$ cat structure20.txt   # compact mmCIF, C-alpha atoms
# COMPACT_ATOMS: atom_id res chain seq x y z
CA MET A 1 -44.47 53.48 21.54
CA ASN A 2 -45.08 56.85 23.22
CA GLU A 3 -42.39 56.02 25.77
CA ASP A 4 -40.04 55.21 22.89
CA ARG A 5 -40.83 58.54 21.23
CA ALA A 6 -40.27 60.50 24.44
CA LEU A 7 -36.96 58.75 25.08
CA VAL A 8 -35.70 59.15 21.52
CA GLU A 9 -36.65 62.82 21.44
CA ALA A 10 -34.88 63.35 24.76
CA VAL A 11 -31.71 61.71 23.42
CA LEU A 12 -31.83 63.70 20.18
CA ALA A 13 -32.34 66.91 22.16
CA GLY A 14 -29.20 66.01 24.15
CA ARG A 15 -31.01 65.90 27.51
CA ALA A 16 -28.77 64.78 30.38
CA GLY A 17 -29.09 61.10 31.26
CA ALA A 18 -31.41 60.27 28.35
CA PHE A 19 -28.96 58.14 26.39
CA GLU A 20 -27.78 56.41 29.56
CA ARG A 21 -31.42 55.50 30.23
CA LEU A 22 -31.82 54.16 26.71
CA VAL A 23 -28.71 51.99 27.09
CA SER A 24 -29.69 50.60 30.48
CA THR A 25 -33.20 49.78 29.19
CA HIS A 26 -31.99 47.82 26.18
CA GLN A 27 -28.56 46.47 27.15
CA GLY A 28 -30.03 43.10 28.21
CA LEU A 29 -31.59 42.48 24.81
CA CYS A 30 -28.38 43.58 23.11
CA TRP A 31 -26.37 41.15 25.21
CA HIS A 32 -28.77 38.27 24.53
CA ILE A 33 -28.62 38.77 20.77
CA ILE A 34 -24.88 39.19 20.46
CA GLN A 35 -23.88 36.59 23.04
CA ARG A 36 -26.17 34.02 21.38
CA LEU A 37 -24.58 34.83 18.03
CA VAL A 38 -20.89 34.99 18.96
CA ARG A 39 -20.73 32.97 22.24
CA HIS A 40 -17.68 34.87 23.47
CA PRO A 41 -18.24 37.21 26.44
CA GLU A 42 -15.26 39.48 25.71
CA ASP A 43 -16.26 39.91 22.07
CA THR A 44 -19.88 40.40 23.16
CA ARG A 45 -18.88 43.25 25.48
CA GLU A 46 -17.02 45.04 22.69
CA LEU A 47 -19.82 44.44 20.21
CA CYS A 48 -22.41 45.76 22.68
CA GLN A 49 -20.36 48.96 22.98
CA GLU A 50 -20.18 49.22 19.21
CA THR A 51 -23.94 48.65 18.96
CA PHE A 52 -24.83 51.49 21.31
CA LEU A 53 -22.33 53.87 19.75
CA ARG A 54 -23.99 53.15 16.40
CA VAL A 55 -27.42 53.62 17.96
CA HIS A 56 -26.28 57.03 19.23
CA GLN A 57 -24.86 57.95 15.84
CA TYR A 58 -27.89 56.88 13.78
CA LEU A 59 -30.78 57.44 16.18
CA HIS A 60 -31.95 60.41 14.08
CA GLN A 61 -32.75 57.85 11.34
CA TYR A 62 -35.20 55.94 13.58
CA ARG A 63 -38.69 56.53 12.13
CA TYR A 64 -40.89 54.94 14.84
CA GLU A 65 -42.05 52.30 12.33
CA SER A 66 -41.19 49.54 14.82
CA ALA A 67 -40.67 49.43 18.57
CA LEU A 68 -37.38 50.97 19.68
CA LYS A 69 -36.27 47.61 21.13
CA SER A 70 -36.73 45.99 17.69
CA TRP A 71 -34.71 48.77 16.04
CA ILE A 72 -31.91 48.47 18.60
CA GLY A 73 -32.10 44.67 18.33
CA ARG A 74 -31.65 45.00 14.59
CA VAL A 75 -28.52 47.12 15.06
CA ALA A 76 -27.15 44.55 17.56
CA TYR A 77 -27.98 41.71 15.17
CA ALA A 78 -26.23 43.47 12.28
CA VAL A 79 -23.14 44.09 14.44
CA GLY A 80 -23.06 40.45 15.57
CA LEU A 81 -23.63 39.19 12.05
CA ARG A 82 -20.73 41.23 10.67
CA HIS A 83 -18.50 39.81 13.41
CA LEU A 84 -19.47 36.25 12.44
CA GLU A 85 -18.81 37.03 8.77
CA LYS A 86 -15.33 38.32 9.64
CA LYS A 87 -14.66 35.14 11.61
CA GLN A 88 -16.21 33.07 8.81
CA VAL A 89 -18.63 31.37 11.18
CA PRO A 90 -21.75 30.03 9.39
CA LEU A 91 -25.00 31.51 10.66
CA VAL A 92 -27.14 28.47 9.96
CA GLU A 93 -26.58 24.79 9.38
CA ALA A 94 -28.66 22.53 7.19
CA ALA A 95 -30.84 20.05 9.08
CA SER A 96 -32.21 17.05 7.24
CA ASP A 97 -35.91 16.21 7.14
CA GLN A 98 -34.99 12.63 7.90
CA GLU A 99 -33.77 13.76 11.29
CA HIS A 100 -37.14 15.39 12.02
CA GLU A 101 -39.09 12.36 10.92
CA LEU A 102 -37.00 10.14 13.19
CA CYS A 103 -37.56 12.51 16.06
CA LEU A 104 -41.33 12.60 15.55
CA GLU A 105 -41.49 8.82 15.80
CA GLN A 106 -39.65 8.64 19.10
CA GLU A 107 -41.58 8.59 22.36
CA SER A 108 -40.42 7.57 25.81
CA ASP A 109 -42.62 5.88 28.40
CA GLY A 110 -42.63 8.29 31.28
CA PHE A 111 -41.38 11.75 32.14
CA ASP A 112 -41.68 13.78 35.31
CA LEU A 113 -41.23 17.47 34.57
CA GLU A 114 -40.31 18.62 38.08
CA GLN A 115 -38.00 15.67 38.68
CA ALA A 116 -36.27 16.34 35.37
CA TRP A 117 -35.93 20.05 36.19
CA ALA A 118 -34.31 19.19 39.52
CA ASP A 119 -31.75 17.03 37.71
CA GLN A 120 -28.73 19.36 37.32
CA GLU A 121 -26.94 17.01 34.97
CA LEU A 122 -29.92 16.86 32.64
CA ARG A 123 -30.22 20.66 32.64
CA GLN A 124 -26.54 21.04 31.86
CA HIS A 125 -26.94 18.57 29.03
CA LEU A 126 -29.86 20.60 27.74
CA HIS A 127 -27.87 23.86 27.87
CA ARG A 128 -25.01 22.18 26.03
CA ALA A 129 -27.50 21.10 23.37
CA ILE A 130 -28.78 24.69 23.11
CA ASP A 131 -25.18 25.93 22.74
CA SER A 132 -24.54 23.38 20.00
CA LEU A 133 -27.26 24.87 17.79
CA ALA A 134 -26.33 27.17 14.93
CA PRO A 135 -25.98 30.89 15.87
CA LEU A 136 -29.20 31.94 14.16
CA GLN A 137 -31.25 29.18 15.79
CA ARG A 138 -29.85 29.99 19.23
CA THR A 139 -30.67 33.66 18.73
CA VAL A 140 -34.20 33.09 17.45
CA LEU A 141 -34.96 30.73 20.35
CA THR A 142 -33.66 33.21 22.91
CA LEU A 143 -35.59 36.12 21.43
CA TYR A 144 -38.78 34.06 21.42
CA HIS A 145 -38.52 32.29 24.77
CA LEU A 146 -36.40 34.58 26.95
CA ASP A 147 -37.07 38.07 25.59
CA GLU A 148 -40.65 37.10 24.71
CA LEU A 149 -40.55 38.82 21.33
CA SER A 150 -43.33 37.87 18.91
CA ILE A 151 -42.52 36.30 15.53
CA PRO A 152 -43.12 39.62 13.66
CA GLU A 153 -40.80 41.38 16.14
CA ILE A 154 -38.11 38.74 15.59
CA GLY A 155 -38.63 39.38 11.87
CA GLN A 156 -37.92 43.06 12.44
CA VAL A 157 -34.71 42.21 14.31
CA THR A 158 -33.38 39.57 11.95
CA GLY A 159 -34.96 40.63 8.66
CA LEU A 160 -36.28 37.06 8.20
CA ALA A 161 -39.77 36.15 6.99
CA ALA A 162 -42.25 34.84 9.58
CA GLY A 163 -42.31 31.40 7.93
CA THR A 164 -38.52 31.11 8.15
CA ILE A 165 -38.53 32.06 11.82
CA LYS A 166 -41.26 29.51 12.58
CA SER A 167 -39.27 26.88 10.73
CA HIS A 168 -36.14 27.65 12.77
CA LEU A 169 -38.13 27.54 16.01
CA PHE A 170 -39.81 24.29 15.07
CA ARG A 171 -36.67 22.49 13.95
CA SER A 172 -34.47 23.61 16.82
CA ARG A 173 -37.07 22.73 19.48
CA LEU A 174 -37.56 19.36 17.84
CA ARG A 175 -33.83 18.78 17.88
CA LEU A 176 -33.52 19.86 21.50
CA ARG A 177 -36.37 17.56 22.54
CA GLU A 178 -34.56 14.74 20.79
CA ALA A 179 -31.40 15.57 22.74
CA LEU A 180 -33.40 15.73 25.95
CA GLN A 181 -35.05 12.40 25.26
CA ALA A 182 -31.71 10.78 24.46
CA SER A 183 -30.23 12.13 27.69
CA ALA A 184 -33.25 11.12 29.80
CA GLY A 185 -33.22 7.70 28.15
CA VAL A 186 -29.56 7.17 29.02
CA GLU A 187 -30.12 8.20 32.60
CA ALA A 188 -33.28 6.11 33.05
CA MET B 1 -47.92 9.60 6.63
CA ASN B 2 -48.90 13.24 6.28
CA HIS B 3 -45.74 15.19 7.15
CA SER B 4 -47.28 18.64 7.14
CA SER B 5 -50.10 17.70 9.56
CA ASP B 6 -47.55 15.92 11.81
CA HIS B 7 -45.41 19.03 11.79
CA GLU B 8 -48.44 21.22 12.48
CA ARG B 9 -49.41 19.05 15.47
CA GLU B 10 -45.86 19.14 16.77
CA TRP B 11 -45.73 22.93 16.37
CA GLN B 12 -49.01 23.24 18.30
CA LEU B 13 -47.54 21.05 21.04
CA GLN B 14 -44.43 23.23 21.25
CA GLU B 15 -46.56 26.37 21.51
CA GLN B 16 -48.89 24.76 24.05
CA ALA B 17 -45.89 23.86 26.21
CA LEU B 18 -44.61 27.45 26.01
CA GLN B 19 -47.99 28.86 27.06
CA ALA B 20 -48.33 26.29 29.85
CA GLU B 21 -44.91 27.26 31.23
CA ARG B 22 -45.69 30.97 31.05
CA SER B 23 -49.05 30.55 32.76
CA GLY B 24 -47.68 28.08 35.31
CA ALA B 25 -50.28 25.43 34.44
CA GLY B 26 -50.19 22.06 36.17
CA ALA B 27 -48.42 19.01 34.73
CA ALA B 28 -50.06 17.20 31.80
CA ASP B 29 -50.12 13.52 30.85
CA SER B 30 -48.37 13.89 27.51
CA VAL B 31 -44.67 13.06 27.74
CA ARG B 32 -43.90 15.15 24.67
CA LEU B 33 -45.66 18.15 26.18
CA GLN B 34 -43.74 17.71 29.43
CA GLN B 35 -40.46 17.55 27.54
CA TYR B 36 -41.28 20.68 25.59
CA ARG B 37 -42.21 22.39 28.85
CA LEU B 38 -38.83 21.50 30.31
CA LEU B 39 -37.24 22.89 27.19
CA ALA B 40 -39.28 26.11 27.39
CA ARG B 41 -38.27 26.47 31.04
CA ALA B 42 -34.58 26.05 30.23
CA LEU B 43 -34.79 28.51 27.34
CA ALA B 44 -36.50 31.11 29.52
CA GLU B 45 -33.86 30.89 32.25
CA PRO B 46 -32.29 34.34 32.74
CA MET B 47 -28.97 34.71 30.96
CA ALA B 48 -26.19 36.38 32.95
CA VAL B 49 -25.46 39.73 31.33
CA GLY B 50 -21.71 40.21 31.50
CA LEU B 51 -21.70 44.00 31.27
CA ALA B 52 -20.22 46.25 33.92
CA PRO B 53 -22.73 47.90 36.29
CA ASP B 54 -21.77 51.33 34.94
CA PHE B 55 -21.83 50.19 31.30
CA ALA B 56 -24.71 52.53 30.35
CA ARG B 57 -23.04 55.58 31.94
CA GLU B 58 -19.68 54.81 30.32
CA ILE B 59 -21.25 54.34 26.88
CA ALA B 60 -23.20 57.58 27.25
CA ARG B 61 -19.97 59.42 28.13
CA ARG B 62 -18.10 57.83 25.24
CA ALA B 63 -20.88 58.63 22.77
CA GLU B 64 -20.85 62.27 23.89
CA ARG B 65 -17.04 62.44 23.58
CA GLU B 66 -17.18 60.94 20.09
CA ARG B 67 -19.90 63.39 19.06
CA LEU B 68 -17.78 66.33 20.22
CA LEU B 69 -14.69 64.86 18.59
CA ASP B 70 -16.57 64.39 15.32
CA GLY B 71 -17.56 68.09 15.42
CA GLN B 72 -13.96 69.11 16.07
CA ILE B 73 -12.68 66.88 13.27
CA GLU B 74 -15.26 68.32 10.87
CA ARG B 75 -14.22 71.89 11.72
CA ARG B 76 -10.54 71.04 11.35
CA MET B 77 -11.12 69.29 8.03
CA LEU B 78 -13.01 72.35 6.78
CA ALA B 79 -10.20 74.68 7.86
CA ILE B 80 -7.60 72.43 6.21
CA SER B 81 -9.66 72.25 2.99
CA LEU B 82 -10.08 76.02 2.87
CA GLY B 83 -6.35 76.53 3.56
CA LEU B 84 -5.40 74.11 0.79
CA PHE B 85 -7.86 75.74 -1.60
CA GLY B 86 -6.36 79.20 -0.87
CA LEU B 87 -2.81 77.89 -1.27
CA ILE B 88 -3.59 76.29 -4.63
CA GLY B 89 -5.28 79.53 -5.74
CA LEU B 90 -2.21 81.54 -4.72
CA ILE B 91 0.16 79.19 -6.55
CA CYS B 92 -2.02 79.37 -9.68
CA LEU B 93 -2.12 83.17 -9.45
CA MET B 94 1.67 83.37 -9.10
CA ALA B 95 2.23 81.00 -11.97
CA GLN B 96 -0.48 82.23 -14.38
CA GLY B 97 -1.20 85.76 -13.07
CA PRO B 98 1.01 87.76 -15.51
CA LEU B 99 -0.48 85.85 -18.44
CA TRP B 100 -4.09 86.52 -17.29
CA LEU B 101 -3.35 90.20 -16.65
CA GLY B 102 -1.71 90.52 -20.09
CA ARG B 103 -4.82 89.05 -21.73
CA LEU B 104 -7.09 91.37 -19.71
CA PHE B 105 -5.10 94.42 -20.76
CA ASP B 106 -5.26 93.20 -24.36
CA LEU B 107 -9.08 93.06 -24.10
CA LEU B 108 -9.48 96.61 -22.70
CA PRO B 109 -9.10 98.52 -26.00
CA ALA B 110 -11.63 96.16 -27.61
CA LEU B 111 -14.15 96.86 -24.80
CA SER B 112 -13.50 100.58 -25.18
CA GLY B 113 -14.26 100.27 -28.91
CA LEU B 114 -17.63 98.68 -28.03
CA GLY B 115 -18.48 101.72 -25.90
CA GLY B 116 -17.49 99.98 -22.65
CA ASP B 117 -15.76 102.97 -21.10
CA TRP B 118 -14.41 102.64 -17.51
CA SER B 119 -16.51 105.58 -16.37
CA LEU B 120 -19.68 104.00 -17.76
CA LEU B 121 -18.79 100.74 -16.05
CA ALA B 122 -18.36 102.56 -12.72
CA LEU B 123 -21.73 104.31 -13.14
CA ALA B 124 -23.41 101.00 -13.92
CA CYS B 125 -21.96 99.51 -10.71
CA LEU B 126 -23.17 102.44 -8.61
CA ALA B 127 -26.64 102.20 -10.16
CA ALA B 128 -26.78 98.48 -9.43
CA VAL B 129 -25.95 99.15 -5.78
CA TYR B 130 -28.16 102.16 -5.04
CA LEU B 131 -31.09 101.92 -7.48
CA PRO B 132 -32.95 99.05 -5.72
CA GLY B 133 -32.78 100.95 -2.40
CA LEU B 134 -34.07 104.16 -3.96
CA LEU B 135 -36.91 102.34 -5.69
CA SER B 136 -38.04 100.55 -2.54
CA SER B 137 -38.02 103.71 -0.40
CA HIS B 138 -40.00 105.51 -3.14
CA SER B 139 -42.64 102.77 -3.20
CA LEU B 140 -42.88 102.87 0.61
CA ARG B 141 -43.50 106.63 0.47
CA LEU B 142 -46.19 106.07 -2.17
CA GLN B 143 -47.90 103.43 -0.02
CA ALA B 144 -47.76 105.76 3.01
CA GLY B 145 -49.32 108.61 0.95
CA GLN B 146 -52.16 106.35 -0.24
CA SER B 147 -53.01 105.21 3.26
$ encode --input "structure20.txt" --output "structure tokens"
Amino acid sequence: MNEDRALVEAVLAGRAGAFERLVSTHQGLCWHIIQRLVRHPEDTRELCQETFLRVHQYLHQYRYESALKSWIGRVAYAVGLRHLEKKQVPLVEAASDQEHELCLEQESDGFDLEQAWADQELRQHLHRAIDSLAPLQRTVLTLYHLDELSIPEIGQVTGLAAGTIKSHLFRSRLRLREALQASAGVEA
Amino acid sequence: MNHSSDHEREWQLQEQALQAERSGAGAADSVRLQQYRLLARALAEPMAVGLAPDFAREIARRAERERLLDGQIERRMLAISLGLFGLIGLICLMAQGPLWLGRLFDLLPALSGLGGDWSLLALACLAAVYLPGLLSSHSLRLQAGQS
């Protein structure tokens, strides 16, 4: 948090290179959030630019109540969300409980983790399944698994309650495991 | 079947798989756990960031340009507003000026009748300007004499 404060104060004081440092520190997170939401690299590039220009414009409003990465993530999320709204892309899709129950009952006989990981086709299938999730689920999964944000931090980025985030994580991982099992079953 | 306890167990399994992947633990017997571990591994795979290498520098330059431009626009808008305000004032004065002056001149005899002579008005103005200064210098002299 002290590093955040020092960096923000340097940017607000107009110190040379401070904003560039802020951008390079957080551009990865910004890309992850927006790319997971919009899934279009060209749009993501433009939206990342817009995000950081907004960050520069409104940084004086940052009150150190959350980590700087969460605050920037929230700006990126808001920018991505507005883009989806303009394109009329739904953020979430309804998943039925029946689907979860079915998935819980399924179990295959054997599974070798390292062998499965070495299987390129299986991995591609898995990534396609991740891509097929709704934008919000993809984003929450990425923030949790790749960026290693905690559930409260994801709440600060998305504005969602902890229970809702856990529900999204649970359902999407369940669905992905089902896809994985189906793919492994076909190949076996 | 208790759905909530099933879901809780499944959630614990998902979290266990995530922790096992992060800590690099050895393979387990549970097929479900192994599958969740594969999933956690795939989800944690680095995502290619498609931003130019000089993205941060370019954005910093652009933000600075926009900040300067915003300042310039603000100053120009202020100058334009003041110019428009002056122009409107001038037009109003040209259109209504004779009428206002006529009314002012009509009021002067009435003010004179109330004892509002021009010379008294001028004296009042001079007193308002100089009296505070005289009073403050007098009080300073008094304070200096006391000390």
$ atom_distance --input "structure20.txt" --atom1 "atom CA of B:Gly89" --atom2 "atom CA of B:Leu121"
27.2 Å
$ atom_distance --input "structure20.txt" --atom1 "atom CA of A:Tyr58" --atom2 "atom CA of B:Arg61"
16.6 Å
$ closest_atom_pairs --input "structure20.txt" --of "chain A" --to "chain B" --cutoff "7 Å" --atoms "all atoms listed in the file" --output "Markdown table"
| residue | atom | partner | partner_atom | distance |
| --- | --- | --- | --- | --- |
| A:Phe19 | CA | B:Ala60 | CA | 5.9 |
| A:Glu20 | CA | B:Ala56 | CA | 5.0 |
| A:Val23 | CA | B:Ala56 | CA | 5.2 |
| A:Ser24 | CA | B:Ala56 | CA | 5.3 |
| A:Gly28 | CA | B:Val49 | CA | 6.5 |
| A:Trp31 | CA | B:Val49 | CA | 6.3 |
| A:Pro41 | CA | B:Gly50 | CA | 6.8 |
| A:Arg45 | CA | B:Leu51 | CA | 6.5 |
| A:Gln49 | CA | B:Ile59 | CA | 6.7 |
| A:Leu53 | CA | B:Ala63 | CA | 5.8 |
| A:His56 | CA | B:Ala63 | CA | 6.7 |
| A:Gly110 | CA | B:Val31 | CA | 6.3 |
| A:Phe111 | CA | B:Val31 | CA | 5.6 |
| A:Leu113 | CA | B:Gln34 | CA | 5.7 |
| A:Trp117 | CA | B:Leu38 | CA | 6.7 |
| A:Thr142 | CA | B:Leu43 | CA | 6.6 |
| A:His145 | CA | B:Ala44 | CA | 5.3 |
| A:Leu146 | CA | B:Ala44 | CA | 4.3 |
| A:Phe170 | CA | B:Trp11 | CA | 6.2 |
| A:Arg177 | CA | B:Gln35 | CA | 6.5 |
$ atom_distance --input "structure20.txt" --atom1 "atom CA of A:Ile72" --atom2 "atom CA of A:Gly155"
13.2 Å
$ residues_around --input "structure20.txt" --residues "A:Leu176" --least-positions-apart "2" --cutoff "9 Å" --atoms "all atoms listed in the file" --output "JSON, numbers by chain"
{"A": [126, 129, 130, 133, 171, 172, 173, 174, 178, 179, 180, 181], "B": [36, 39]}
$ closest_residue --input "structure20.txt" --among "A:Val38, A:Ala182, A:Leu12, A:Val140" --to "A:Lys86" --atoms "all atoms listed in the file"
A:Val38
$ decode --input "structure20.txt" --residues "stretch 19-43 of chain B" --atoms "N, CA and C atoms" --output "PDB file, in the first residue's frame"
ATOM      1  N   GLN B  19      -4.797 -25.019  -4.683  1.00  0.00           N
ATOM      2  CA  GLN B  19      -3.656 -24.932  -3.751  1.00  0.00           C
ATOM      3  C   GLN B  19      -2.585 -25.956  -4.119  1.00  0.00           C
ATOM      4  N   ALA B  20      -3.017 -27.166  -4.495  1.00  0.00           N
ATOM      5  CA  ALA B  20      -2.054 -28.211  -4.863  1.00  0.00           C
ATOM      6  C   ALA B  20      -1.247 -27.788  -6.088  1.00  0.00           C
ATOM      7  N   GLU B  21      -1.887 -27.160  -7.043  1.00  0.00           N
ATOM      8  CA  GLU B  21      -1.185 -26.687  -8.248  1.00  0.00           C
ATOM      9  C   GLU B  21      -0.195 -25.585  -7.904  1.00  0.00           C
ATOM     10  N   ARG B  22      -0.636 -24.666  -7.044  1.00  0.00           N
ATOM     11  CA  ARG B  22       0.234 -23.540  -6.680  1.00  0.00           C
ATOM     12  C   ARG B  22       1.446 -24.007  -5.876  1.00  0.00           C
ATOM     13  N   SER B  23       1.219 -25.024  -5.037  1.00  0.00           N
ATOM     14  CA  SER B  23       2.339 -25.488  -4.195  1.00  0.00           C
ATOM     15  C   SER B  23       3.160 -26.571  -4.899  1.00  0.00           C
ATOM     16  N   GLY B  24       2.663 -27.042  -6.038  1.00  0.00           N
ATOM     17  CA  GLY B  24       3.386 -28.064  -6.793  1.00  0.00           C
ATOM     18  C   GLY B  24       3.360 -29.424  -6.106  1.00  0.00           C
ATOM     19  N   ALA B  25       2.276 -29.711  -5.401  1.00  0.00           N
ATOM     20  CA  ALA B  25       2.155 -30.995  -4.684  1.00  0.00           C
ATOM     21  C   ALA B  25       2.106 -32.165  -5.672  1.00  0.00           C
ATOM     22  N   GLY B  26       2.419 -33.334  -5.183  1.00  0.00           N
ATOM     23  CA  GLY B  26       2.408 -34.530  -6.025  1.00  0.00           C
ATOM     24  C   GLY B  26       0.992 -34.945  -6.403  1.00  0.00           C
ATOM     25  N   ALA B  27       0.890 -35.848  -7.375  1.00  0.00           N
ATOM     26  CA  ALA B  27      -0.428 -36.274  -7.864  1.00  0.00           C
ATOM     27  C   ALA B  27      -1.203 -37.014  -6.771  1.00  0.00           C
ATOM     28  N   ALA B  28      -2.531 -36.855  -6.797  1.00  0.00           N
ATOM     29  CA  ALA B  28      -3.395 -37.524  -5.820  1.00  0.00           C
ATOM     30  C   ALA B  28      -4.179 -38.637  -6.511  1.00  0.00           C
ATOM     31  N   ASP B  29      -4.873 -39.440  -5.697  1.00  0.00           N
ATOM     32  CA  ASP B  29      -5.637 -40.554  -6.260  1.00  0.00           C
ATOM     33  C   ASP B  29      -6.949 -40.110  -6.890  1.00  0.00           C
ATOM     34  N   SER B  30      -7.556 -39.056  -6.305  1.00  0.00           N
ATOM     35  CA  SER B  30      -8.881 -38.653  -6.751  1.00  0.00           C
ATOM     36  C   SER B  30      -8.869 -38.127  -8.191  1.00  0.00           C
ATOM     37  N   VAL B  31      -9.701 -38.738  -9.018  1.00  0.00           N
ATOM     38  CA  VAL B  31      -9.791 -38.319 -10.417  1.00  0.00           C
ATOM     39  C   VAL B  31     -10.324 -36.884 -10.514  1.00  0.00           C
ATOM     40  N   ARG B  32     -11.330 -36.614  -9.698  1.00  0.00           N
ATOM     41  CA  ARG B  32     -11.925 -35.258  -9.724  1.00  0.00           C
ATOM     42  C   ARG B  32     -10.880 -34.214  -9.376  1.00  0.00           C
ATOM     43  N   LEU B  33     -10.084 -34.513  -8.345  1.00  0.00           N
ATOM     44  CA  LEU B  33      -9.042 -33.569  -7.924  1.00  0.00           C
ATOM     45  C   LEU B  33      -8.031 -33.361  -9.046  1.00  0.00           C
ATOM     46  N   GLN B  34      -7.662 -34.446  -9.711  1.00  0.00           N
ATOM     47  CA  GLN B  34      -6.704 -34.361 -10.819  1.00  0.00           C
ATOM     48  C   GLN B  34      -7.267 -33.494 -11.949  1.00  0.00           C
ATOM     49  N   GLN B  35      -8.543 -33.692 -12.210  1.00  0.00           N
ATOM     50  CA  GLN B  35      -9.165 -32.908 -13.289  1.00  0.00           C
ATOM     51  C   GLN B  35      -9.217 -31.423 -12.922  1.00  0.00           C
ATOM     52  N   TYR B  36      -9.558 -31.142 -11.679  1.00  0.00           N
ATOM     53  CA  TYR B  36      -9.552 -29.744 -11.246  1.00  0.00           C
ATOM     54  C   TYR B  36      -8.151 -29.149 -11.268  1.00  0.00           C
ATOM     55  N   ARG B  37      -7.157 -29.986 -10.992  1.00  0.00           N
ATOM     56  CA  ARG B  37      -5.771 -29.498 -11.042  1.00  0.00           C
ATOM     57  C   ARG B  37      -5.384 -29.146 -12.474  1.00  0.00           C
ATOM     58  N   LEU B  38      -5.814 -29.971 -13.407  1.00  0.00           N
ATOM     59  CA  LEU B  38      -5.523 -29.690 -14.823  1.00  0.00           C
ATOM     60  C   LEU B  38      -6.182 -28.371 -15.219  1.00  0.00           C
ATOM     61  N   LEU B  39      -7.391 -28.206 -14.740  1.00  0.00           N
ATOM     62  CA  LEU B  39      -8.147 -26.987 -15.020  1.00  0.00           C
ATOM     63  C   LEU B  39      -7.438 -25.758 -14.434  1.00  0.00           C
ATOM     64  N   ALA B  40      -6.997 -25.893 -13.166  1.00  0.00           N
ATOM     65  CA  ALA B  40      -6.291 -24.786 -12.504  1.00  0.00           C
ATOM     66  C   ALA B  40      -5.011 -24.447 -13.255  1.00  0.00           C
ATOM     67  N   ARG B  41      -4.335 -25.483 -13.759  1.00  0.00           N
ATOM     68  CA  ARG B  41      -3.093 -25.265 -14.505  1.00  0.00           C
ATOM     69  C   ARG B  41      -3.368 -24.503 -15.808  1.00  0.00           C
ATOM     70  N   ALA B  42      -4.426 -24.916 -16.479  1.00  0.00           N
ATOM     71  CA  ALA B  42      -4.781 -24.246 -17.752  1.00  0.00           C
ATOM     72  C   ALA B  42      -5.192 -22.797 -17.501  1.00  0.00           C
ATOM     73  N   LEU B  43      -5.930 -22.572 -16.417  1.00  0.00           N
ATOM     74  CA  LEU B  43      -6.399 -21.213 -16.123  1.00  0.00           C
ATOM     75  C   LEU B  43      -5.260 -20.292 -15.685  1.00  0.00           C
TER      76      LEU B  43
END
